[in-house]
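Asker: My structure file query18.cif, mmCIF, C-alpha atoms and all ligand atoms, is below:
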```
data_target
#
loop_
_atom_site.label_atom_id
_atom_site.label_comp_id
_atom_site.auth_asym_id
_atom_site.auth_seq_id
_atom_site.Cartn_x
_atom_site.Cartn_y
_atom_site.Cartn_z
CA MET L 20 44.17 48.33 -11.10
CA ARG L 21 42.50 48.91 -14.43
CA LYS L 22 43.66 47.46 -17.70
CA LEU L 23 42.80 48.50 -21.23
CA ILE L 24 44.09 46.92 -24.40
CA VAL L 25 44.89 49.13 -27.36
CA GLU L 26 44.52 47.23 -30.63
CA THR L 27 46.11 48.90 -33.62
CA ARG L 28 47.22 47.38 -36.88
CA ASP L 29 50.86 47.91 -35.89
CA ARG L 30 50.66 46.69 -32.29
CA VAL L 31 48.35 45.38 -29.57
CA TYR L 32 49.40 46.55 -26.11
CA PRO L 33 48.15 46.94 -22.56
CA VAL L 34 47.62 50.16 -20.63
CA PHE L 35 47.65 49.69 -16.86
CA ILE L 36 46.18 52.39 -14.61
CA GLY L 37 46.42 52.32 -10.83
CA TYR L 38 48.34 52.90 -7.61
CA GLY L 39 51.40 51.02 -6.43
CA LEU L 40 51.74 49.23 -9.75
CA PHE L 41 55.52 48.87 -9.60
CA GLU L 42 55.52 47.61 -6.01
CA GLY L 43 52.66 45.30 -6.96
CA GLY L 44 54.70 43.48 -9.59
CA ILE L 45 53.03 44.92 -12.68
CA LEU L 46 56.01 43.88 -14.80
CA SER L 47 55.10 40.22 -14.35
CA GLU L 48 52.18 41.02 -16.68
CA LEU L 49 54.62 41.87 -19.45
CA ASP L 50 56.51 39.60 -21.72
CA LEU L 51 60.07 40.99 -21.84
CA PRO L 52 62.05 38.99 -24.42
CA PHE L 53 64.84 41.55 -24.59
CA SER L 54 68.63 41.66 -24.42
CA SER L 55 68.94 44.80 -22.28
CA GLY L 56 67.13 48.00 -21.46
CA ALA L 57 67.58 51.71 -20.90
CA LEU L 58 65.52 54.44 -19.30
CA ILE L 59 65.08 57.95 -20.63
CA THR L 60 63.87 60.58 -18.20
CA ASN L 61 64.66 64.18 -17.32
CA GLN L 62 66.63 65.86 -14.56
CA LYS L 63 63.50 66.72 -12.59
CA VAL L 64 61.52 63.47 -12.74
CA GLY L 65 64.49 61.10 -12.63
CA PRO L 66 65.52 61.86 -9.04
CA LEU L 67 61.89 61.57 -7.92
CA HIS L 68 60.72 58.35 -9.54
CA ALA L 69 63.41 56.52 -11.51
CA GLU L 70 64.54 54.39 -8.58
CA LYS L 71 61.13 52.75 -8.16
CA VAL L 72 60.88 51.93 -11.84
CA SER L 73 64.48 50.70 -12.09
CA GLN L 74 64.03 48.44 -9.06
CA ALA L 75 60.99 46.81 -10.61
CA PHE L 76 62.89 46.11 -13.84
CA LEU L 77 65.85 44.82 -11.85
CA LYS L 78 63.55 42.24 -10.27
CA ARG L 79 62.71 41.12 -13.80
CA GLY L 80 66.43 40.78 -14.54
CA PHE L 81 67.13 44.08 -16.29
CA ARG L 82 69.57 46.64 -14.94
CA LEU L 83 68.40 49.76 -16.80
CA SER L 84 71.04 52.28 -17.72
CA SER L 85 69.55 55.71 -17.37
CA LEU L 86 69.75 59.02 -19.23
CA ALA L 87 68.36 62.19 -17.64
CA LEU L 88 67.89 64.95 -20.22
CA PRO L 89 67.43 68.60 -19.25
CA ASP L 90 63.84 69.44 -18.34
CA GLY L 91 61.60 71.47 -20.61
CA GLU L 92 59.69 71.78 -23.87
CA GLU L 93 62.67 73.63 -25.35
CA PHE L 94 64.61 70.34 -25.12
CA LYS L 95 62.11 68.37 -27.22
CA THR L 96 64.53 68.60 -30.11
CA LEU L 97 66.51 66.56 -32.60
CA ALA L 98 69.61 67.55 -30.63
CA SER L 99 68.22 65.80 -27.53
CA ALA L 100 67.33 62.77 -29.63
CA GLU L 101 70.92 62.66 -30.84
CA VAL L 102 72.20 62.78 -27.26
CA ALA L 103 69.96 59.79 -26.56
CA TYR L 104 71.19 57.82 -29.60
CA HIS L 105 74.83 58.25 -28.53
CA PHE L 106 73.93 57.25 -24.99
CA LEU L 107 72.19 54.07 -26.17
CA LEU L 108 75.18 53.12 -28.33
CA GLN L 109 77.59 53.80 -25.51
CA GLU L 110 75.50 51.57 -23.25
CA GLY L 111 75.63 48.81 -25.84
CA LEU L 112 71.93 48.64 -26.61
CA ASP L 113 71.21 46.48 -29.63
CA ARG L 114 68.10 45.87 -31.72
CA LYS L 115 66.75 43.44 -29.15
CA GLY L 116 67.04 46.10 -26.44
CA PHE L 117 64.15 48.19 -25.12
CA LEU L 118 63.55 51.67 -23.80
CA VAL L 119 61.49 52.91 -20.90
CA THR L 120 60.37 56.53 -20.98
CA LEU L 121 59.73 58.13 -17.60
CA GLY L 122 58.37 61.66 -17.59
CA GLY L 123 55.80 64.10 -18.90
CA GLY L 124 54.73 64.53 -22.50
CA VAL L 125 58.09 65.91 -23.56
CA ILE L 126 59.83 62.70 -22.54
CA THR L 127 57.11 60.35 -23.83
CA ASP L 128 57.17 62.12 -27.23
CA LEU L 129 60.94 62.32 -27.42
CA GLY L 130 61.58 58.86 -25.99
CA GLY L 131 59.04 57.34 -28.34
CA PHE L 132 60.73 59.11 -31.24
CA VAL L 133 64.14 57.80 -30.20
CA ALA L 134 62.75 54.26 -29.83
CA SER L 135 61.14 54.43 -33.26
CA THR L 136 64.30 55.58 -35.02
CA PHE L 137 67.18 53.99 -33.10
CA MET L 138 68.44 51.14 -35.29
CA ARG L 139 65.16 51.65 -37.22
CA GLY L 140 63.02 50.85 -34.23
CA ILE L 141 63.26 49.13 -30.86
CA ALA L 142 60.63 48.26 -28.27
CA TYR L 143 59.55 50.85 -25.70
CA TYR L 144 57.31 51.21 -22.69
CA GLN L 145 55.74 54.48 -21.65
CA VAL L 146 55.72 55.37 -17.96
CA PRO L 147 54.00 58.78 -17.97
CA THR L 148 54.37 60.93 -14.86
CA SER L 149 52.39 64.10 -15.65
CA LEU L 150 48.61 64.07 -15.84
CA LEU L 151 48.83 65.25 -19.43
CA ALA L 152 51.10 62.37 -20.37
CA GLN L 153 48.90 59.88 -18.50
CA VAL L 154 45.67 60.87 -20.24
CA ASP L 155 47.04 61.67 -23.66
CA SER L 156 50.64 61.57 -24.86
CA SER L 157 51.66 58.10 -23.60
CA VAL L 158 48.90 56.37 -25.55
CA GLY L 159 48.42 56.28 -29.30
CA GLY L 160 51.94 56.24 -30.65
CA LYS L 161 52.40 59.82 -31.82
CA THR L 162 56.07 60.58 -31.21
CA GLY L 163 58.10 63.59 -32.20
CA VAL L 164 60.20 66.64 -31.66
CA ASN L 165 59.70 70.34 -32.31
CA LEU L 166 61.47 72.47 -34.88
CA GLU L 167 61.95 76.22 -34.69
CA GLU L 168 59.17 76.56 -37.24
CA GLY L 169 56.59 74.61 -35.28
CA LYS L 170 55.53 71.89 -32.88
CA ASN L 171 56.05 68.20 -33.57
CA LEU L 172 57.11 68.82 -37.15
CA VAL L 173 59.37 65.76 -37.12
CA GLY L 174 57.99 62.52 -35.77
CA THR L 175 56.58 59.08 -36.30
CA PHE L 176 53.57 56.95 -35.54
CA TYR L 177 55.08 54.18 -33.45
CA GLN L 178 53.05 52.39 -30.82
CA PRO L 179 54.58 51.49 -27.46
CA TYR L 180 54.72 47.89 -26.23
CA GLY L 181 52.90 48.87 -23.05
CA VAL L 182 51.91 51.87 -20.94
CA ILE L 183 52.08 51.89 -17.15
CA ILE L 184 50.11 54.76 -15.60
CA GLU L 185 51.16 55.00 -11.95
CA LEU L 186 48.79 57.57 -10.46
CA SER L 187 50.81 58.12 -7.28
CA PHE L 188 53.52 59.76 -9.42
CA LEU L 189 51.14 62.72 -9.69
CA LYS L 190 51.71 63.52 -6.03
CA THR L 191 54.94 65.33 -6.91
CA LEU L 192 53.52 67.11 -9.96
CA PRO L 193 53.41 70.90 -9.43
CA GLU L 194 50.00 72.60 -9.51
CA ARG L 195 50.41 74.42 -12.80
CA GLU L 196 51.50 71.23 -14.59
CA TYR L 197 48.65 69.29 -13.00
CA ARG L 198 46.08 71.81 -14.21
CA GLU L 199 47.37 71.88 -17.76
CA GLY L 200 46.74 68.13 -17.87
CA LEU L 201 43.12 68.85 -17.06
CA ALA L 202 42.89 70.75 -20.36
CA GLU L 203 43.51 67.53 -22.33
CA VAL L 204 41.01 65.75 -20.09
CA ALA L 205 38.48 68.47 -20.90
CA LYS L 206 39.29 68.20 -24.60
CA ALA L 207 38.57 64.47 -24.54
CA ALA L 208 35.34 65.04 -22.61
CA PHE L 209 34.19 67.77 -25.02
CA LEU L 210 34.86 65.45 -27.95
CA ALA L 211 33.23 62.44 -26.29
CA GLY L 212 30.25 64.30 -24.81
CA GLY L 213 27.65 62.23 -22.93
CA GLU L 214 28.58 60.59 -19.65
CA PHE L 215 32.24 61.62 -19.76
CA LEU L 216 31.32 65.30 -20.06
CA GLU L 217 28.76 64.93 -17.30
CA VAL L 218 31.34 63.36 -14.98
CA LEU L 219 33.73 66.20 -15.73
CA ARG L 220 31.09 68.82 -14.95
CA VAL L 221 30.05 67.19 -11.70
CA GLN L 222 33.55 66.31 -10.57
CA SER L 223 35.52 69.37 -11.61
CA GLU L 224 36.08 70.45 -8.01
CA ALA L 225 37.16 66.99 -6.90
CA LEU L 226 39.49 66.78 -9.88
CA LEU L 227 41.06 70.11 -9.15
CA GLY L 228 41.59 68.93 -5.59
CA ARG L 229 43.27 65.73 -6.92
CA ASP L 230 40.71 63.39 -5.43
CA TYR L 231 42.47 60.17 -6.35
CA SER L 232 39.39 57.95 -6.65
CA VAL L 233 37.86 60.40 -9.14
CA LEU L 234 41.17 60.70 -10.94
CA GLU L 235 41.43 56.99 -11.61
CA ASP L 236 38.00 56.96 -13.21
CA VAL L 237 38.66 60.09 -15.26
CA VAL L 238 42.09 58.95 -16.47
CA GLU L 239 40.53 55.67 -17.57
CA ARG L 240 37.73 57.48 -19.43
CA ALA L 241 40.22 59.73 -21.24
CA VAL L 242 42.46 56.83 -22.22
CA LEU L 243 39.47 54.76 -23.31
CA PHE L 244 38.25 57.58 -25.52
CA LYS L 245 41.68 58.04 -27.07
CA LYS L 246 42.09 54.29 -27.59
CA GLU L 247 38.79 54.11 -29.47
CA VAL L 248 39.79 56.92 -31.81
CA VAL L 249 43.32 55.63 -32.38
CA GLU L 250 42.09 52.11 -33.09
CA GLN L 251 39.91 53.44 -35.90
CA ASP L 252 42.56 55.69 -37.42
CA GLU L 253 46.05 55.02 -36.10
CA LYS L 254 47.91 57.21 -38.60
CA GLU L 255 45.52 60.16 -38.72
CA LYS L 256 44.11 59.68 -42.19
CA GLY L 257 40.97 61.44 -41.00
CA LEU L 258 39.07 60.78 -37.77
CA ARG L 259 42.10 60.94 -35.46
CA SER L 260 42.51 64.62 -36.24
CA ILE L 261 39.54 65.33 -33.93
CA LEU L 262 42.10 64.88 -31.12
CA ASN L 263 43.65 68.07 -32.48
CA TYR L 264 40.69 70.18 -31.35
CA GLY L 265 42.14 73.45 -30.05
CA HIS L 266 45.61 72.49 -31.25
CA THR L 267 45.93 74.50 -34.46
CA VAL L 268 45.80 77.67 -32.39
CA ALA L 269 47.55 76.06 -29.38
CA HIS L 270 50.60 75.01 -31.37
CA GLY L 271 50.71 78.45 -32.99
CA LEU L 272 50.69 80.08 -29.56
CA GLU L 273 53.40 77.79 -28.19
CA ARG L 274 55.61 78.58 -31.14
CA ALA L 275 54.82 82.30 -31.16
CA LEU L 276 55.50 82.79 -27.46
CA GLY L 277 58.56 80.53 -27.36
CA TYR L 278 58.44 76.87 -26.35
CA GLY L 279 57.78 76.41 -22.67
CA THR L 280 56.36 79.91 -22.07
CA LEU L 281 52.80 78.68 -22.15
CA ARG L 282 52.35 75.05 -21.10
CA HIS L 283 50.88 72.82 -23.82
CA GLY L 284 47.65 72.23 -21.87
CA GLU L 285 47.21 75.94 -21.22
CA ALA L 286 47.65 76.63 -24.93
CA VAL L 287 45.07 73.92 -25.71
CA ALA L 288 42.54 75.51 -23.31
CA ILE L 289 42.95 78.90 -25.01
CA GLY L 290 43.05 77.22 -28.41
CA MET L 291 39.71 75.50 -27.77
CA MET L 292 38.12 78.85 -26.89
CA VAL L 293 39.42 80.53 -30.05
CA GLU L 294 38.52 77.57 -32.25
CA ALA L 295 35.01 77.40 -30.79
CA MET L 296 34.61 81.03 -31.82
CA ILE L 297 35.89 80.24 -35.30
CA GLY L 298 33.30 77.44 -35.44
CA LEU L 299 30.60 79.87 -34.35
CA GLU L 300 31.64 82.40 -36.99
CA LEU L 301 31.41 79.65 -39.64
CA GLY L 302 27.97 78.59 -38.41
CA ILE L 303 29.32 75.17 -37.36
CA THR L 304 29.57 75.41 -33.56
CA ARG L 305 26.43 75.83 -31.43
CA PRO L 306 26.63 79.03 -29.35
CA GLN L 307 26.06 77.16 -26.07
CA VAL L 308 29.38 75.31 -26.56
CA ILE L 309 31.34 78.50 -26.00
CA GLU L 310 29.72 79.38 -22.70
CA ILE L 311 29.77 75.85 -21.26
CA GLN L 312 33.36 75.25 -22.38
CA LYS L 313 34.44 78.49 -20.75
CA VAL L 314 32.78 77.66 -17.44
CA ILE L 315 34.29 74.17 -17.33
CA LEU L 316 37.80 75.32 -18.23
CA GLN L 317 37.62 78.08 -15.63
CA GLU L 318 36.40 75.62 -13.01
CA LEU L 319 39.41 73.47 -13.82
CA GLY L 320 41.66 76.41 -13.01
CA LEU L 321 42.89 76.97 -16.55
CA PRO L 322 43.99 80.38 -17.81
CA LEU L 323 41.84 81.64 -20.67
CA ARG L 324 43.80 84.76 -21.52
CA VAL L 325 47.25 85.21 -22.94
CA GLU L 326 49.33 88.11 -24.14
CA VAL L 327 50.26 87.79 -27.81
CA ALA L 328 52.06 90.66 -29.43
CA LEU L 329 51.50 89.30 -32.94
CA SER L 330 49.08 90.64 -35.51
CA ALA L 331 46.44 88.32 -36.95
CA GLU L 332 48.45 88.26 -40.15
CA ASP L 333 51.67 87.19 -38.44
CA PHE L 334 49.83 84.51 -36.48
CA TRP L 335 48.23 83.19 -39.66
CA ALA L 336 51.71 82.88 -41.16
CA ILE L 337 52.70 80.65 -38.23
CA LEU L 338 49.61 78.48 -38.71
CA LYS L 339 50.84 77.62 -42.17
CA TYR L 340 53.24 75.20 -40.50
CA ASP L 341 50.35 73.19 -39.02
CA LYS L 342 50.58 69.57 -40.16
CA LYS L 343 46.89 69.49 -41.07
CA ARG L 344 47.46 72.00 -43.85
CA GLU L 345 46.58 70.80 -47.35
CA ALA L 346 48.09 73.02 -50.05
CA GLN L 347 46.94 76.54 -49.12
CA HIS L 348 44.13 75.34 -46.85
CA ILE L 349 44.59 75.34 -43.10
CA LYS L 350 42.31 72.63 -41.77
CA PHE L 351 40.80 72.85 -38.32
CA SER L 352 39.16 70.24 -36.11
CA LEU L 353 36.09 71.82 -34.53
CA LEU L 354 33.01 70.94 -32.54
CA ARG L 355 29.45 71.18 -33.83
CA ASP L 356 28.41 70.37 -30.29
CA PHE L 357 29.79 68.35 -27.39
CA GLY L 358 30.18 64.77 -28.57
CA ASP L 359 29.85 65.92 -32.19
CA PRO L 360 33.29 66.81 -33.55
CA VAL L 361 34.08 67.62 -37.15
CA PHE L 362 37.48 67.58 -38.83
CA GLY L 363 39.07 68.87 -42.02
CA VAL L 364 37.32 72.26 -41.86
CA SER L 365 39.07 74.70 -44.15
CA VAL L 366 39.01 78.09 -42.44
CA PRO L 367 39.39 81.10 -44.76
CA GLU L 368 42.14 83.53 -43.83
CA GLU L 369 39.63 86.38 -43.51
CA THR L 370 37.46 84.41 -41.07
CA PHE L 371 40.46 83.56 -38.94
CA LYS L 372 41.68 87.15 -38.84
CA LYS L 373 38.21 88.46 -37.97
CA VAL L 374 37.91 86.06 -35.02
CA PHE L 375 41.50 86.63 -33.92
CA ASP L 376 40.91 90.38 -33.79
CA SER L 377 37.51 89.99 -32.14
CA VAL L 378 38.96 88.05 -29.19
CA ARG L 379 41.61 90.72 -28.56
CA GLY L 380 41.12 92.11 -25.09
CA ALA L 381 39.26 88.95 -24.06
CA VAL L 382 41.10 85.71 -24.80
CA LEU L 383 44.13 87.30 -26.44
CA GLN L 384 45.67 90.44 -24.95
N1 LIG L 401 51.99 62.41 -28.43
C1 LIG L 401 50.82 62.87 -28.04
O1 LIG L 401 49.77 62.29 -28.33
C2 LIG L 401 50.77 64.10 -27.19
C3 LIG L 401 49.58 64.43 -26.56
C4 LIG L 401 49.54 65.57 -25.77
C5 LIG L 401 50.69 66.33 -25.58
N2 LIG L 401 51.83 65.96 -26.18
C6 LIG L 401 53.08 66.71 -25.94
O2 LIG L 401 53.36 66.62 -24.55
C7 LIG L 401 54.13 67.74 -24.15
C8 LIG L 401 53.55 68.34 -22.90
O3 LIG L 401 53.59 67.37 -21.88
P1 LIG L 401 53.63 67.81 -20.36
O4 LIG L 401 52.63 68.85 -20.15
O5 LIG L 401 53.61 66.58 -19.56
O6 LIG L 401 55.03 68.56 -20.28
P2 LIG L 401 56.43 68.14 -19.62
O7 LIG L 401 56.85 66.84 -20.11
O8 LIG L 401 57.32 69.30 -19.82
O9 LIG L 401 56.06 67.99 -18.08
C9 LIG L 401 55.61 69.12 -17.37
C10 LIG L 401 56.55 69.46 -16.21
O10 LIG L 401 56.26 68.59 -15.13
C11 LIG L 401 57.41 67.87 -14.73
N3 LIG L 401 56.94 66.59 -14.25
C12 LIG L 401 56.38 65.58 -14.95
N4 LIG L 401 55.96 64.62 -14.14
C13 LIG L 401 56.26 65.01 -12.88
C14 LIG L 401 56.07 64.46 -11.59
N5 LIG L 401 55.41 63.31 -11.43
N6 LIG L 401 56.53 65.13 -10.53
C15 LIG L 401 57.16 66.33 -10.67
N7 LIG L 401 57.35 66.92 -11.85
C16 LIG L 401 56.90 66.26 -12.94
C17 LIG L 401 58.28 67.85 -15.95
O11 LIG L 401 59.62 67.60 -15.61
C18 LIG L 401 58.03 69.25 -16.49
O12 LIG L 401 58.79 70.18 -15.77
C19 LIG L 401 54.12 68.70 -25.31
O13 LIG L 401 55.34 68.62 -25.99
C20 LIG L 401 53.01 68.19 -26.19
O14 LIG L 401 53.20 68.53 -27.52
C21 LIG L 401 51.90 64.86 -26.98
O1 LIG L 402 47.04 61.84 -30.32
C1 LIG L 402 46.68 62.69 -31.12
O2 LIG L 402 46.37 62.41 -32.28
C2 LIG L 402 46.63 64.11 -30.73
O3 LIG L 402 46.47 64.98 -31.57
C3 LIG L 402 46.80 64.45 -29.28
C4 LIG L 402 47.22 65.87 -29.00
O4 LIG L 402 46.73 66.20 -27.71
C5 LIG L 402 48.73 66.05 -28.94
O5 LIG L 402 49.06 67.33 -28.50
C6 LIG L 402 49.51 65.69 -30.18
O6 LIG L 402 50.89 65.72 -29.91
C7 LIG L 402 49.28 66.64 -31.31
O7 LIG L 402 49.81 66.06 -32.42
P1 LIG L 402 50.15 66.83 -33.75
O8 LIG L 402 50.01 65.81 -34.80
O9 LIG L 402 49.19 67.97 -33.89
O10 LIG L 402 51.53 67.32 -33.63
ZN ZN L 403 47.68 68.04 -26.99
#
```
Could you write out this file's structure as structure tokens?

Answerer:
Amino acid sequence: MRKLIVETRDRVYPVFIGYGLFEGGILSELDLPFSSGALITNQKVGPLHAEKVSQAFLKRGFRLSSLALPDGEEFKTLASAEVAYHFLLQEGLDRKGFLVTLGGGVITDLGGFVASTFMRGIAYYQVPTSLLAQVDSSVGGKTGVNLEEGKNLVGTFYQPYGVIIELSFLKTLPEREYREGLAEVAKAAFLAGGEFLEVLRVQSEALLGRDYSVLEDVVERAVLFKKEVVEQDEKEKGLRSILNYGHTVAHGLERALGYGTLRHGEAVAIGMMVEAMIGLELGITRPQVIEIQKVILQELGLPLRVEVALSAEDFWAILKYDKKREAQHIKFSLLRDFGDPVFGVSVPEETFKKVFDSVRGAVLQ
């Protein structure tokens, strides 16, 4: 079992990574000074893994009442949050109560948002079950829901009280969802560069084959990288926006195609390719980044093409909802090189449109 401590101004909390954590009594490592607890999951993950988690909490004296929301990105909404609030009230949760989120990134984002707003904030623990949620969304305290206009447009920064990354939960994760998680792993490795990137290059086959000893190491590296960024800039005043590499385009694609059509990780993989080309066009990104990035993402089994019926102009209009926008400037997080990210790059509309049109037939269909 590996343990990292995330130290932010708002909260200091542990992240446990390993196998058999719940059977091994991981909860004895946590202080649980609460009145009662509830679990938020979805209708797919709940039947697979909720029992194990609930049993472990029961041993610590908490019978968790459980809410299983419908599965899917299209349910990461204020309406789902409202369902959760009513459920918590009905179950008698008070301000001393706590939440456990059990699921992929949709549930960790939504559950975190509910925890941060219910009675103005209650404690919560993240139990991520998708690779993407284990390496990214469960750590760092970004919570939120989507609006029709764009991804994560309503949300909070609200750190969990602890994160329990049980790697054996990945055994039931379908292949497509596993691979999309590798996109966020790749993003972290591209941003970190150095040894992390080298490990990813050497181990891409093992990772794709879910070699669990390699996975443990890689999940720890990704979480460690994220922790170091979040600790320096919890509320994204600047540096943290490097974690948004590929995301300006990715979020635009998710919104344009309809939530859930393209998985978030798939959109990030395509987004990183397009944004690397924008960086090249601006003279920021070294040409070798594009080729190496492409090879790695392909080796990880990620799709690098998508059909988008929108014109560059219509897509640009969607990007205006990106949260990194400042007045009329849409700000991108790019790479100069691996391990050398840059943020706050204002990309002119003409440059974006030129690149968008130039990747037609290649990245965008
Ligand atoms: N807050 C952050 O820092 C952050 C970071 C990255 C992504 N995100 C958000 O995360 C979301 C994407 O997360 P995701 O890719 O995990 O999507 P998801 O939550 O929809 O999970 C993917 C699919 O896998 C299923 N699943 C999850 N774990 C499973 C398991 N162990 N066995 C079987 N099925 C399982 C889910 O039910 C779902 O069908 C997006 O909304 C994205 O915006 C947030
Ligand atoms: O933790 C962060 O910071 C990130 O940006 C991680 C991203 O992978 C993640 O998709 C996040 O939800 C994006 O946040 P947003 O602020 O662009 O909505
Ligand atoms: Zn992401």

Asker: Using only C-alpha atoms and all ligand atoms, find each residue of chain L with at least one atom at most 10 Å away from an atom of ligand LIG 402 (chain L); report its shortest atom-to-atom pair and that distance in Å (one decimal), sort the rows by chain and rising residue number, and return the result as JSON lines.

Answerer:
```
{"residue": "L:Gly124", "atom": "CA", "partner": "L:LIG402", "partner_atom": "O6", "distance": 8.4}
{"residue": "L:Val125", "atom": "CA", "partner": "L:LIG402", "partner_atom": "O6", "distance": 9.6}
{"residue": "L:Asp128", "atom": "CA", "partner": "L:LIG402", "partner_atom": "O6", "distance": 7.7}
{"residue": "L:Leu151", "atom": "CA", "partner": "L:LIG402", "partner_atom": "O4", "distance": 8.6}
{"residue": "L:Ala152", "atom": "CA", "partner": "L:LIG402", "partner_atom": "O4", "distance": 9.4}
{"residue": "L:Val154", "atom": "CA", "partner": "L:LIG402", "partner_atom": "O4", "distance": 9.2}
{"residue": "L:Asp155", "atom": "CA", "partner": "L:LIG402", "partner_atom": "O4", "distance": 6.1}
{"residue": "L:Ser156", "atom": "CA", "partner": "L:LIG402", "partner_atom": "C5", "distance": 6.4}
{"residue": "L:Ser157", "atom": "CA", "partner": "L:LIG402", "partner_atom": "O1", "distance": 9.0}
{"residue": "L:Val158", "atom": "CA", "partner": "L:LIG402", "partner_atom": "O1", "distance": 7.5}
{"residue": "L:Gly159", "atom": "CA", "partner": "L:LIG402", "partner_atom": "O1", "distance": 5.8}
{"residue": "L:Gly160", "atom": "CA", "partner": "L:LIG402", "partner_atom": "O1", "distance": 7.4}
{"residue": "L:Lys161", "atom": "CA", "partner": "L:LIG402", "partner_atom": "O1", "distance": 5.9}
{"residue": "L:Thr162", "atom": "CA", "partner": "L:LIG402", "partner_atom": "O6", "distance": 7.4}
{"residue": "L:Gly163", "atom": "CA", "partner": "L:LIG402", "partner_atom": "O10", "distance": 7.7}
{"residue": "L:Val164", "atom": "CA", "partner": "L:LIG402", "partner_atom": "O10", "distance": 8.9}
{"residue": "L:Asn165", "atom": "CA", "partner": "L:LIG402", "partner_atom": "O10", "distance": 8.8}
{"residue": "L:Gly169", "atom": "CA", "partner": "L:LIG402", "partner_atom": "O10", "distance": 9.0}
{"residue": "L:Lys170", "atom": "CA", "partner": "L:LIG402", "partner_atom": "O10", "distance": 6.1}
{"residue": "L:Asn171", "atom": "CA", "partner": "L:LIG402", "partner_atom": "O10", "distance": 4.6}
{"residue": "L:Leu172", "atom": "CA", "partner": "L:LIG402", "partner_atom": "O10", "distance": 6.8}
{"residue": "L:Val173", "atom": "CA", "partner": "L:LIG402", "partner_atom": "O10", "distance": 8.7}
{"residue": "L:Gly174", "atom": "CA", "partner": "L:LIG402", "partner_atom": "O10", "distance": 8.3}
{"residue": "L:Thr175", "atom": "CA", "partner": "L:LIG402", "partner_atom": "O8", "distance": 9.5}
{"residue": "L:Phe176", "atom": "CA", "partner": "L:LIG402", "partner_atom": "O8", "distance": 9.6}
{"residue": "L:Ala202", "atom": "CA", "partner": "L:LIG402", "partner_atom": "O4", "distance": 9.5}
{"residue": "L:Glu203", "atom": "CA", "partner": "L:LIG402", "partner_atom": "O4", "distance": 6.4}
{"residue": "L:Val204", "atom": "CA", "partner": "L:LIG402", "partner_atom": "O4", "distance": 9.5}
{"residue": "L:Lys206", "atom": "CA", "partner": "L:LIG402", "partner_atom": "O4", "distance": 8.3}
{"residue": "L:Ala207", "atom": "CA", "partner": "L:LIG402", "partner_atom": "O4", "distance": 8.9}
{"residue": "L:Lys245", "atom": "CA", "partner": "L:LIG402", "partner_atom": "O1", "distance": 7.3}
{"residue": "L:Lys246", "atom": "CA", "partner": "L:LIG402", "partner_atom": "O1", "distance": 9.4}
{"residue": "L:Val248", "atom": "CA", "partner": "L:LIG402", "partner_atom": "O2", "distance": 8.6}
{"residue": "L:Val249", "atom": "CA", "partner": "L:LIG402", "partner_atom": "O2", "distance": 7.4}
{"residue": "L:Asp252", "atom": "CA", "partner": "L:LIG402", "partner_atom": "O2", "distance": 9.3}
{"residue": "L:Glu253", "atom": "CA", "partner": "L:LIG402", "partner_atom": "O2", "distance": 8.3}
{"residue": "L:Lys254", "atom": "CA", "partner": "L:LIG402", "partner_atom": "O2", "distance": 8.3}
{"residue": "L:Glu255", "atom": "CA", "partner": "L:LIG402", "partner_atom": "O2", "distance": 6.9}
{"residue": "L:Leu258", "atom": "CA", "partner": "L:LIG402", "partner_atom": "O2", "distance": 9.3}
{"residue": "L:Arg259", "atom": "CA", "partner": "L:LIG402", "partner_atom": "O2", "distance": 5.5}
{"residue": "L:Ser260", "atom": "CA", "partner": "L:LIG402", "partner_atom": "O2", "distance": 6.0}
{"residue": "L:Ile261", "atom": "CA", "partner": "L:LIG402", "partner_atom": "O3", "distance": 7.3}
{"residue": "L:Leu262", "atom": "CA", "partner": "L:LIG402", "partner_atom": "O3", "distance": 4.4}
{"residue": "L:Asn263", "atom": "CA", "partner": "L:LIG402", "partner_atom": "O3", "distance": 4.3}
{"residue": "L:Tyr264", "atom": "CA", "partner": "L:LIG402", "partner_atom": "O3", "distance": 7.8}
{"residue": "L:Gly265", "atom": "CA", "partner": "L:LIG402", "partner_atom": "O4", "distance": 8.9}
{"residue": "L:His266", "atom": "CA", "partner": "L:LIG402", "partner_atom": "O9", "distance": 6.3}
{"residue": "L:Thr267", "atom": "CA", "partner": "L:LIG402", "partner_atom": "O9", "distance": 7.3}
{"residue": "L:Ala269", "atom": "CA", "partner": "L:LIG402", "partner_atom": "O5", "distance": 8.9}
{"residue": "L:His270", "atom": "CA", "partner": "L:LIG402", "partner_atom": "O9", "distance": 7.6}
{"residue": "L:His283", "atom": "CA", "partner": "L:LIG402", "partner_atom": "O5", "distance": 7.4}
{"residue": "L:Gly284", "atom": "CA", "partner": "L:LIG402", "partner_atom": "O5", "distance": 8.4}
{"residue": "L:Val287", "atom": "CA", "partner": "L:LIG402", "partner_atom": "O4", "distance": 8.1}
{"residue": "L:Asp341", "atom": "CA", "partner": "L:LIG402", "partner_atom": "O9", "distance": 7.4}
{"residue": "L:Lys342", "atom": "CA", "partner": "L:LIG402", "partner_atom": "O8", "distance": 6.6}
{"residue": "L:Lys343", "atom": "CA", "partner": "L:LIG402", "partner_atom": "O9", "distance": 7.7}
```

Asker: Which one is closest to ligand ZN 403 (chain L): L:Ile349, L:Ile183, L:Ile297, L:Val268? Count all atoms listed in the file.

Answerer: L:Val268

Asker: Just give me the gap between CA of Gln153 (chain L) and CA of Gly358 (chain L) in Å, one decimal is fine.

Answerer: 21.8 Å
